[in-house]
Protein chains: 2
Amino acid sequence: MLNYGAPLDLAFQALADPTRRAMVERLVKGPASVSELKAPIPMSLPAVMQHLAVLETSGLVVSQKSGRVRTCSINPAALAEAERWITERRLEWERRLDRLGEYLKTLESEGKSDEHDR
Amino acid sequence: MLNYGAPLDLAFQALADPTRRAMVERLVKGPASVSELKAPIPMSLPAVMQHLAVLETSGLVVSQKSGRVRTCSINPAALAEAERWITERRLEWERRLDRLGEYLKTLESEGKSDEHDR
DNA sequence: GCGATACTAAAGCTCTTGCTTATCTATCCG
DNA sequence: CGGATAGATAAGCAAGAGCTTTAGTATCGC
């Protein structure tokens, strides 16, 4: 499986951890420093920074350092890309169900005329 | 971090692998047997079955065995749940940007009247 | 019945993840 | 300057993910 979809790998992998999802949930409310991100998380600071690194290499989060504080924010584009993959699959599934419904309706009405023909 | 969101953990984890995403992409086109799922994948059959197991425990895929063939299909509900989490975060981010825009517009017009007041 | 088909189960191996503690480097401020 | 703050880096470790090969167990069709 050519890892053609590597960006999606990273995004979904990043979202697969509850701590990282909590960090994303915090960041959608607005940018935050590393300490602010760490605050509600019962974990060592290096652990939080490692989660942050995963979020950054996935592209879901960007950050910049100013003085001694690093400010993190959401990158909505990466979030949208992951969303888009799922949405497209769901839509494809629904389109297929629609076609199947049409087909079954056709079969049913043909069945009815068959009954008359008999 | 209480693993309160465990179902999402499993769904995103499942989607983080390109082989598994390829299997999902196949299944949105309609149900398939294990062998049909394996066909395009250059991997041993047990490996494919392990991927399938991940997809099943995540709830993204369901399957039933009839005779000697197991037929797999998508569970759109699980797909929709993962989609929903992302969508809600993106929407929250956008609502925040809107509020910020309003606020900045307010500041700007107040700034203009300040200039007049000066 | 018997060979081929379609999966299933188990063991083992390597690489990655998700933490930890300990140590170190910058910046800020009184 | 010097102590407190904010973050970075490194090493180490237990558990899990993602394969493999090997060896099964049911069905199906002649």
# chains A, B, ... in the order shown; residues from 1 in each chain; ligands from 1

$ residues_around --residues "DT25 of chain D" --least-positions-apart "3" --cutoff "12 Å" --atoms "only C-alpha atoms (C1' of nucleotides)" --output "list in words"
Arg68 of chain B; DA6, DC7, DT8 and DA9 of chain C

$ interface_residues --of "chain C" --to "chain A" --cutoff "10 Å" --atoms "only C-alpha atoms (C1' of nucleotides)" --output "JSON, numbers by chain"
{"C": [18, 19, 20, 21, 26, 27, 28]}

$ calpha_fit_and_write --fixed "chain A" --moving "chain B" --output "compact mmCIF listing (two decimals) with N, CA and C atoms, in the first residue's frame"
# COMPACT_ATOMS: atom_id res chain seq x y z
N MET B 1 0.87 -1.36 0.08
CA MET B 1 0.02 -0.16 0.05
C MET B 1 0.89 1.10 0.05
N LEU B 2 1.16 1.63 -1.10
CA LEU B 2 1.93 2.87 -1.22
C LEU B 2 1.42 3.89 -0.21
N ASN B 3 2.31 4.47 0.56
CA ASN B 3 1.79 5.44 1.53
C ASN B 3 1.59 6.79 0.88
N TYR B 4 0.74 6.74 -0.12
CA TYR B 4 0.36 7.92 -0.89
C TYR B 4 -0.45 8.86 -0.01
N GLY B 5 -1.19 8.26 0.92
CA GLY B 5 -2.07 9.06 1.77
C GLY B 5 -1.43 9.43 3.09
N ALA B 6 -0.11 9.52 3.11
CA ALA B 6 0.61 9.76 4.34
C ALA B 6 0.07 10.92 5.19
N PRO B 7 -0.30 12.04 4.60
CA PRO B 7 -0.83 13.14 5.42
C PRO B 7 -2.05 12.68 6.23
N LEU B 8 -2.93 11.90 5.59
CA LEU B 8 -4.10 11.40 6.31
C LEU B 8 -3.69 10.44 7.42
N ASP B 9 -2.70 9.59 7.14
CA ASP B 9 -2.16 8.72 8.18
C ASP B 9 -1.88 9.54 9.43
N LEU B 10 -1.11 10.61 9.22
CA LEU B 10 -0.65 11.40 10.36
C LEU B 10 -1.80 12.09 11.06
N ALA B 11 -2.75 12.60 10.29
CA ALA B 11 -3.87 13.32 10.91
C ALA B 11 -4.73 12.36 11.73
N PHE B 12 -5.10 11.22 11.16
CA PHE B 12 -5.95 10.29 11.89
C PHE B 12 -5.20 9.71 13.09
N GLN B 13 -3.93 9.41 12.89
CA GLN B 13 -3.12 8.90 14.00
C GLN B 13 -3.11 9.92 15.14
N ALA B 14 -2.96 11.18 14.79
CA ALA B 14 -2.93 12.23 15.81
C ALA B 14 -4.26 12.30 16.55
N LEU B 15 -5.35 12.14 15.81
CA LEU B 15 -6.68 12.26 16.42
C LEU B 15 -7.07 11.01 17.21
N ALA B 16 -6.29 9.95 17.08
CA ALA B 16 -6.65 8.68 17.72
C ALA B 16 -6.37 8.69 19.22
N ASP B 17 -5.70 9.70 19.71
CA ASP B 17 -5.36 9.75 21.13
C ASP B 17 -6.23 10.77 21.86
N PRO B 18 -6.84 10.37 22.97
CA PRO B 18 -7.77 11.26 23.68
C PRO B 18 -7.09 12.51 24.24
N THR B 19 -5.84 12.36 24.66
CA THR B 19 -5.13 13.54 25.15
C THR B 19 -4.96 14.56 24.02
N ARG B 20 -4.59 14.05 22.87
CA ARG B 20 -4.39 14.97 21.73
C ARG B 20 -5.71 15.56 21.27
N ARG B 21 -6.79 14.77 21.29
CA ARG B 21 -8.09 15.35 20.93
C ARG B 21 -8.47 16.44 21.92
N ALA B 22 -8.16 16.21 23.21
CA ALA B 22 -8.46 17.22 24.22
C ALA B 22 -7.67 18.50 23.92
N MET B 23 -6.44 18.34 23.47
CA MET B 23 -5.64 19.52 23.14
C MET B 23 -6.25 20.26 21.96
N VAL B 24 -6.73 19.51 20.98
CA VAL B 24 -7.39 20.13 19.83
C VAL B 24 -8.65 20.86 20.29
N GLU B 25 -9.41 20.21 21.18
CA GLU B 25 -10.65 20.83 21.67
C GLU B 25 -10.34 22.13 22.40
N ARG B 26 -9.21 22.15 23.09
CA ARG B 26 -8.82 23.40 23.74
C ARG B 26 -8.46 24.45 22.70
N LEU B 27 -7.75 24.04 21.68
CA LEU B 27 -7.22 25.01 20.72
C LEU B 27 -8.27 25.60 19.79
N VAL B 28 -9.38 24.86 19.57
CA VAL B 28 -10.43 25.46 18.73
C VAL B 28 -11.08 26.64 19.44
N LYS B 29 -10.89 26.74 20.75
CA LYS B 29 -11.43 27.88 21.48
C LYS B 29 -10.51 29.08 21.40
N GLY B 30 -9.34 28.88 20.78
CA GLY B 30 -8.38 29.97 20.64
C GLY B 30 -6.97 29.50 20.95
N PRO B 31 -5.96 30.23 20.50
CA PRO B 31 -4.56 29.87 20.69
C PRO B 31 -4.21 29.70 22.16
N ALA B 32 -3.18 28.93 22.44
CA ALA B 32 -2.75 28.71 23.82
C ALA B 32 -1.26 28.44 23.86
N SER B 33 -0.66 28.76 25.00
CA SER B 33 0.74 28.44 25.21
C SER B 33 0.86 26.97 25.60
N VAL B 34 2.08 26.45 25.57
CA VAL B 34 2.30 25.07 25.96
C VAL B 34 1.83 24.84 27.40
N SER B 35 2.14 25.76 28.30
CA SER B 35 1.73 25.59 29.70
C SER B 35 0.22 25.58 29.82
N GLU B 36 -0.45 26.44 29.07
CA GLU B 36 -1.91 26.46 29.11
C GLU B 36 -2.46 25.13 28.61
N LEU B 37 -1.82 24.59 27.58
CA LEU B 37 -2.26 23.29 27.06
C LEU B 37 -2.04 22.20 28.11
N LYS B 38 -0.93 22.30 28.82
CA LYS B 38 -0.61 21.28 29.81
C LYS B 38 -1.54 21.31 31.00
N ALA B 39 -1.94 22.51 31.40
CA ALA B 39 -2.65 22.73 32.66
C ALA B 39 -3.66 21.63 33.03
N PRO B 40 -4.63 21.29 32.16
CA PRO B 40 -5.65 20.32 32.58
C PRO B 40 -5.19 18.87 32.41
N ILE B 41 -3.97 18.65 31.96
CA ILE B 41 -3.54 17.29 31.62
C ILE B 41 -2.64 16.72 32.70
N PRO B 42 -3.04 15.62 33.34
CA PRO B 42 -2.28 15.03 34.46
C PRO B 42 -1.12 14.21 33.93
N MET B 43 -0.15 14.90 33.37
CA MET B 43 0.95 14.21 32.70
C MET B 43 2.17 15.12 32.77
N SER B 44 3.35 14.53 32.65
CA SER B 44 4.55 15.36 32.70
C SER B 44 4.57 16.31 31.50
N LEU B 45 5.28 17.40 31.65
CA LEU B 45 5.35 18.36 30.56
C LEU B 45 5.99 17.76 29.31
N PRO B 46 7.08 17.01 29.41
CA PRO B 46 7.63 16.40 28.19
C PRO B 46 6.61 15.55 27.45
N ALA B 47 5.76 14.84 28.17
CA ALA B 47 4.74 14.03 27.52
C ALA B 47 3.81 14.91 26.70
N VAL B 48 3.39 16.01 27.32
CA VAL B 48 2.51 16.94 26.61
C VAL B 48 3.20 17.48 25.36
N MET B 49 4.49 17.77 25.49
CA MET B 49 5.21 18.30 24.33
C MET B 49 5.34 17.27 23.23
N GLN B 50 5.44 16.01 23.62
CA GLN B 50 5.50 14.96 22.60
C GLN B 50 4.16 14.86 21.87
N HIS B 51 3.08 14.97 22.62
CA HIS B 51 1.76 14.98 21.98
C HIS B 51 1.65 16.18 21.03
N LEU B 52 2.16 17.31 21.51
CA LEU B 52 2.13 18.51 20.67
C LEU B 52 2.92 18.29 19.39
N ALA B 53 4.07 17.63 19.52
CA ALA B 53 4.90 17.36 18.33
C ALA B 53 4.13 16.51 17.33
N VAL B 54 3.39 15.51 17.83
CA VAL B 54 2.59 14.67 16.93
C VAL B 54 1.56 15.52 16.20
N LEU B 55 0.90 16.40 16.97
CA LEU B 55 -0.11 17.27 16.36
C LEU B 55 0.52 18.20 15.33
N GLU B 56 1.73 18.65 15.59
CA GLU B 56 2.36 19.56 14.65
C GLU B 56 2.81 18.83 13.39
N THR B 57 3.41 17.66 13.53
CA THR B 57 3.86 16.98 12.31
C THR B 57 2.66 16.49 11.50
N SER B 58 1.53 16.33 12.13
CA SER B 58 0.32 15.97 11.38
C SER B 58 -0.24 17.19 10.66
N GLY B 59 0.21 18.36 11.04
CA GLY B 59 -0.28 19.58 10.42
C GLY B 59 -1.53 20.14 11.07
N LEU B 60 -2.08 19.42 12.06
CA LEU B 60 -3.32 19.87 12.68
C LEU B 60 -3.11 21.11 13.53
N VAL B 61 -1.88 21.26 14.02
CA VAL B 61 -1.58 22.40 14.90
C VAL B 61 -0.32 23.08 14.39
N VAL B 62 -0.31 24.38 14.48
CA VAL B 62 0.92 25.13 14.18
C VAL B 62 1.28 25.93 15.41
N SER B 63 2.55 26.34 15.51
CA SER B 63 2.96 27.09 16.68
C SER B 63 4.12 27.99 16.32
N GLN B 64 4.29 29.02 17.12
CA GLN B 64 5.44 29.90 16.92
C GLN B 64 5.91 30.37 18.28
N LYS B 65 7.20 30.56 18.37
CA LYS B 65 7.75 30.94 19.66
C LYS B 65 8.07 32.42 19.66
N SER B 66 7.70 33.05 20.74
CA SER B 66 7.99 34.47 20.89
C SER B 66 8.48 34.65 22.31
N GLY B 67 9.73 35.07 22.43
CA GLY B 67 10.31 35.12 23.77
C GLY B 67 10.46 33.71 24.29
N ARG B 68 9.98 33.44 25.49
CA ARG B 68 10.12 32.08 26.00
C ARG B 68 8.82 31.30 25.92
N VAL B 69 7.78 31.89 25.34
CA VAL B 69 6.53 31.17 25.25
C VAL B 69 6.15 30.82 23.82
N ARG B 70 5.79 29.54 23.64
CA ARG B 70 5.37 29.04 22.33
C ARG B 70 3.85 29.05 22.28
N THR B 71 3.33 29.73 21.29
CA THR B 71 1.87 29.84 21.15
C THR B 71 1.39 28.89 20.05
N CYS B 72 0.42 28.07 20.41
CA CYS B 72 -0.07 27.04 19.49
C CYS B 72 -1.45 27.41 19.00
N SER B 73 -1.73 27.10 17.73
CA SER B 73 -3.10 27.25 17.26
C SER B 73 -3.45 26.17 16.26
N ILE B 74 -4.76 26.03 16.05
CA ILE B 74 -5.30 25.04 15.13
C ILE B 74 -4.99 25.43 13.70
N ASN B 75 -4.74 24.44 12.85
CA ASN B 75 -4.70 24.65 11.42
C ASN B 75 -5.95 24.01 10.82
N PRO B 76 -6.98 24.82 10.57
CA PRO B 76 -8.27 24.25 10.16
C PRO B 76 -8.18 23.50 8.83
N ALA B 77 -7.22 23.83 7.99
CA ALA B 77 -7.11 23.16 6.70
C ALA B 77 -6.86 21.66 6.88
N ALA B 78 -5.97 21.32 7.81
CA ALA B 78 -5.66 19.90 8.03
C ALA B 78 -6.88 19.18 8.61
N LEU B 79 -7.58 19.87 9.50
CA LEU B 79 -8.80 19.30 10.06
C LEU B 79 -9.80 19.03 8.93
N ALA B 80 -9.91 20.00 8.02
CA ALA B 80 -10.86 19.88 6.92
C ALA B 80 -10.51 18.72 5.99
N GLU B 81 -9.21 18.47 5.82
CA GLU B 81 -8.81 17.37 4.93
C GLU B 81 -9.23 16.02 5.48
N ALA B 82 -9.03 15.83 6.77
CA ALA B 82 -9.45 14.57 7.39
C ALA B 82 -10.96 14.43 7.30
N GLU B 83 -11.65 15.53 7.60
CA GLU B 83 -13.10 15.53 7.52
C GLU B 83 -13.55 15.14 6.12
N ARG B 84 -12.88 15.71 5.12
CA ARG B 84 -13.26 15.50 3.73
C ARG B 84 -13.16 14.03 3.34
N TRP B 85 -12.10 13.36 3.79
CA TRP B 85 -11.97 11.94 3.43
C TRP B 85 -13.17 11.16 3.92
N ILE B 86 -13.54 11.37 5.18
CA ILE B 86 -14.67 10.62 5.74
C ILE B 86 -15.96 10.98 5.01
N THR B 87 -16.18 12.28 4.84
CA THR B 87 -17.41 12.73 4.19
C THR B 87 -17.58 12.09 2.81
N GLU B 88 -16.49 12.08 2.05
CA GLU B 88 -16.59 11.52 0.70
C GLU B 88 -16.95 10.04 0.72
N ARG B 89 -16.38 9.30 1.68
CA ARG B 89 -16.72 7.87 1.77
C ARG B 89 -18.18 7.71 2.13
N ARG B 90 -18.63 8.52 3.10
CA ARG B 90 -20.01 8.40 3.53
C ARG B 90 -20.95 8.73 2.37
N LEU B 91 -20.60 9.77 1.62
CA LEU B 91 -21.44 10.15 0.48
C LEU B 91 -21.46 9.05 -0.56
N GLU B 92 -20.31 8.46 -0.81
CA GLU B 92 -20.26 7.39 -1.81
C GLU B 92 -21.16 6.23 -1.37
N TRP B 93 -21.10 5.92 -0.08
CA TRP B 93 -21.96 4.87 0.46
C TRP B 93 -23.43 5.23 0.26
N GLU B 94 -23.79 6.47 0.54
CA GLU B 94 -25.19 6.89 0.42
C GLU B 94 -25.66 6.88 -1.02
N ARG B 95 -24.81 7.36 -1.92
CA ARG B 95 -25.17 7.31 -3.35
C ARG B 95 -25.43 5.88 -3.77
N ARG B 96 -24.61 4.96 -3.27
CA ARG B 96 -24.78 3.56 -3.62
C ARG B 96 -26.11 3.04 -3.10
N LEU B 97 -26.46 3.42 -1.88
CA LEU B 97 -27.74 2.99 -1.31
C LEU B 97 -28.90 3.53 -2.14
N ASP B 98 -28.76 4.78 -2.60
CA ASP B 98 -29.81 5.38 -3.42
C ASP B 98 -30.01 4.57 -4.69
N ARG B 99 -28.89 4.30 -5.37
CA ARG B 99 -28.98 3.52 -6.61
C ARG B 99 -29.63 2.17 -6.32
N LEU B 100 -29.24 1.56 -5.22
CA LEU B 100 -29.80 0.25 -4.85
C LEU B 100 -31.30 0.38 -4.63
N GLY B 101 -31.72 1.46 -3.99
CA GLY B 101 -33.14 1.69 -3.74
C GLY B 101 -33.91 1.80 -5.06
N GLU B 102 -33.37 2.61 -5.97
CA GLU B 102 -33.99 2.76 -7.30
C GLU B 102 -34.17 1.39 -7.95
N TYR B 103 -33.07 0.64 -7.92
CA TYR B 103 -33.05 -0.66 -8.56
C TYR B 103 -34.12 -1.57 -7.97
N LEU B 104 -34.21 -1.56 -6.64
CA LEU B 104 -35.19 -2.44 -5.98
C LEU B 104 -36.61 -2.00 -6.34
N LYS B 105 -36.81 -0.67 -6.42
CA LYS B 105 -38.14 -0.18 -6.79
C LYS B 105 -38.50 -0.67 -8.20
N THR B 106 -37.52 -0.58 -9.10
CA THR B 106 -37.72 -1.05 -10.47
C THR B 106 -38.12 -2.53 -10.47
N LEU B 107 -37.34 -3.32 -9.73
CA LEU B 107 -37.63 -4.76 -9.65
C LEU B 107 -39.05 -5.00 -9.15
N GLU B 108 -39.42 -4.23 -8.12
CA GLU B 108 -40.73 -4.41 -7.50
C GLU B 108 -41.85 -4.15 -8.51
N SER B 109 -41.75 -3.01 -9.24
CA SER B 109 -42.82 -2.70 -10.19
C SER B 109 -42.83 -3.69 -11.34
N GLU B 110 -41.65 -4.14 -11.77
CA GLU B 110 -41.60 -5.18 -12.80
C GLU B 110 -42.22 -6.48 -12.29
N GLY B 111 -41.96 -6.76 -10.99
CA GLY B 111 -42.55 -7.96 -10.39
C GLY B 111 -44.07 -7.89 -10.43
N LYS B 112 -44.59 -6.66 -10.14
CA LYS B 112 -46.05 -6.50 -10.14
C LYS B 112 -46.63 -6.77 -11.52
N SER B 113 -45.96 -6.24 -12.58
CA SER B 113 -46.48 -6.46 -13.93
C SER B 113 -46.32 -7.94 -14.31
N ASP B 114 -45.27 -8.58 -13.80
CA ASP B 114 -45.10 -10.02 -14.03
C ASP B 114 -46.31 -10.77 -13.48
N GLU B 115 -46.71 -10.35 -12.24
CA GLU B 115 -47.86 -11.03 -11.64
C GLU B 115 -49.10 -10.91 -12.54
N HIS B 116 -49.24 -9.70 -13.12
CA HIS B 116 -50.37 -9.50 -14.02
C HIS B 116 -50.24 -10.37 -15.26
N ASP B 117 -49.00 -10.47 -15.77
CA ASP B 117 -48.75 -11.23 -16.99
C ASP B 117 -49.05 -12.71 -16.81
N ARG B 118 -48.86 -13.15 -15.54
CA ARG B 118 -48.99 -14.59 -15.31
C ARG B 118 -50.41 -15.09 -15.46

$ closest_atom_pairs --of "chain D" --to "chain A" --cutoff "12 Å" --atoms "only C-alpha atoms (C1' of nucleotides)" --output "JSON lines"
{"residue": "D:DT5", "atom": "C1'", "partner": "A:Arg68", "partner_atom": "CA", "distance": 8.8}
{"residue": "D:DA6", "atom": "C1'", "partner": "A:Arg68", "partner_atom": "CA", "distance": 5.6}
{"residue": "D:DG7", "atom": "C1'", "partner": "A:Arg68", "partner_atom": "CA", "distance": 6.9}
{"residue": "D:DA8", "atom": "C1'", "partner": "A:Pro46", "partner_atom": "CA", "distance": 8.6}
{"residue": "D:DT9", "atom": "C1'", "partner": "A:Pro46", "partner_atom": "CA", "distance": 9.5}
{"residue": "D:DA10", "atom": "C1'", "partner": "A:Pro46", "partner_atom": "CA", "distance": 11.0}

$ write_last_selection --atoms "N, CA and C atoms (P, O5', C5', C4', C3', O3' and C1' of nucleotides)" --output "PDB file, in the first residue's frame"
ATOM      1  P    DT D   5       7.906  31.177  39.604  1.00  0.00           P
ATOM      2  O5'  DT D   5       7.863  31.142  38.011  1.00  0.00           O
ATOM      3  C5'  DT D   5       7.672  32.360  37.308  1.00  0.00           C
ATOM      4  C4'  DT D   5       7.997  32.142  35.857  1.00  0.00           C
ATOM      5  C3'  DT D   5       7.205  31.017  35.185  1.00  0.00           C
ATOM      6  O3'  DT D   5       6.507  31.595  34.089  1.00  0.00           O
ATOM      7  C1'  DT D   5       9.489  30.924  34.596  1.00  0.00           C
ATOM      8  P    DA D   6       5.416  30.764  33.290  1.00  0.00           P
ATOM      9  O5'  DA D   6       6.276  30.207  32.079  1.00  0.00           O
ATOM     10  C5'  DA D   6       6.663  31.094  31.035  1.00  0.00           C
ATOM     11  C4'  DA D   6       7.255  30.294  29.903  1.00  0.00           C
ATOM     12  C3'  DA D   6       6.468  29.017  29.592  1.00  0.00           C
ATOM     13  O3'  DA D   6       6.297  28.905  28.193  1.00  0.00           O
ATOM     14  C1'  DA D   6       8.724  28.497  30.010  1.00  0.00           C
ATOM     15  P    DG D   7       5.419  27.724  27.570  1.00  0.00           P
ATOM     16  O5'  DG D   7       6.606  26.814  27.044  1.00  0.00           O
ATOM     17  C5'  DG D   7       7.521  27.448  26.174  1.00  0.00           C
ATOM     18  C4'  DG D   7       8.799  26.688  26.182  1.00  0.00           C
ATOM     19  C3'  DG D   7       8.747  25.334  25.462  1.00  0.00           C
ATOM     20  O3'  DG D   7       9.370  25.521  24.199  1.00  0.00           O
ATOM     21  C1'  DG D   7      10.167  25.357  27.372  1.00  0.00           C
ATOM     22  P    DA D   8       9.513  24.339  23.179  1.00  0.00           P
ATOM     23  O5'  DA D   8      10.908  23.659  23.604  1.00  0.00           O
ATOM     24  C5'  DA D   8      12.082  24.442  23.543  1.00  0.00           C
ATOM     25  C4'  DA D   8      13.303  23.534  23.624  1.00  0.00           C
ATOM     26  C3'  DA D   8      13.211  22.260  22.780  1.00  0.00           C
ATOM     27  O3'  DA D   8      14.446  22.143  22.091  1.00  0.00           O
ATOM     28  C1'  DA D   8      13.632  21.712  25.042  1.00  0.00           C
ATOM     29  P    DT D   9      14.709  20.960  21.050  1.00  0.00           P
ATOM     30  O5'  DT D   9      15.790  19.995  21.705  1.00  0.00           O
ATOM     31  C5'  DT D   9      16.561  20.427  22.816  1.00  0.00           C
ATOM     32  C4'  DT D   9      17.292  19.241  23.417  1.00  0.00           C
ATOM     33  C3'  DT D   9      17.201  17.945  22.612  1.00  0.00           C
ATOM     34  O3'  DT D   9      18.499  17.377  22.588  1.00  0.00           O
ATOM     35  C1'  DT D   9      16.462  17.558  24.819  1.00  0.00           C
ATOM     36  P    DA D  10      18.886  16.056  21.789  1.00  0.00           P
ATOM     37  O5'  DA D  10      19.009  14.990  22.968  1.00  0.00           O
ATOM     38  C5'  DA D  10      19.663  15.367  24.177  1.00  0.00           C
ATOM     39  C4'  DA D  10      19.677  14.202  25.129  1.00  0.00           C
ATOM     40  C3'  DA D  10      19.648  12.834  24.444  1.00  0.00           C
ATOM     41  O3'  DA D  10      20.552  11.989  25.131  1.00  0.00           O
ATOM     42  C1'  DA D  10      17.875  12.977  25.975  1.00  0.00           C
TER      43       DA D  10
END

$ select_by_dssp --residues "chain A" --states "helix (DSSP H, G or I)" --output "ChimeraX atom specification"
/A:3-15,18-27,34-38,45-57,76-117

$ atom_distance --atom1 "atom C1' of DC2 of chain C" --atom2 "atom C1' of DG29 of chain D"
10.5 Å

$ atom_distance --atom1 "atom C1' of DA15 of chain D" --atom2 "atom C1' of DC13 of chain C"
15.0 Å

$ select_by_dssp --residues "segment 7-114 of chain B" --states "strand (DSSP E or B)" --output "mmCIF file with C-alpha atoms, in the first residue's frame"
data_model
loop_
_atom_site.group_PDB
_atom_site.id
_atom_site.type_symbol
_atom_site.label_atom_id
_atom_site.label_comp_id
_atom_site.auth_asym_id
_atom_site.auth_seq_id
_atom_site.Cartn_x
_atom_site.Cartn_y
_atom_site.Cartn_z
ATOM 1 C CA ALA B 32 -17.096 -7.876 -0.091
ATOM 2 C CA SER B 33 -15.718 -11.188 1.078
ATOM 3 C CA VAL B 61 -17.042 -2.495 9.494
ATOM 4 C CA VAL B 62 -19.417 -5.319 10.266
ATOM 5 C CA SER B 63 -19.347 -8.831 8.868
ATOM 6 C CA GLN B 64 -21.235 -12.074 8.933
ATOM 7 C CA LYS B 65 -20.250 -15.530 7.917
ATOM 8 C CA SER B 66 -22.371 -17.673 5.685
ATOM 9 C CA VAL B 69 -17.323 -17.001 3.212
ATOM 10 C CA ARG B 70 -17.407 -13.967 5.490
ATOM 11 C CA THR B 71 -19.093 -10.953 3.956
ATOM 12 C CA CYS B 72 -17.985 -7.547 5.183
ATOM 13 C CA SER B 73 -19.755 -4.222 4.900
ATOM 14 C CA ILE B 74 -19.416 -0.648 6.056
#
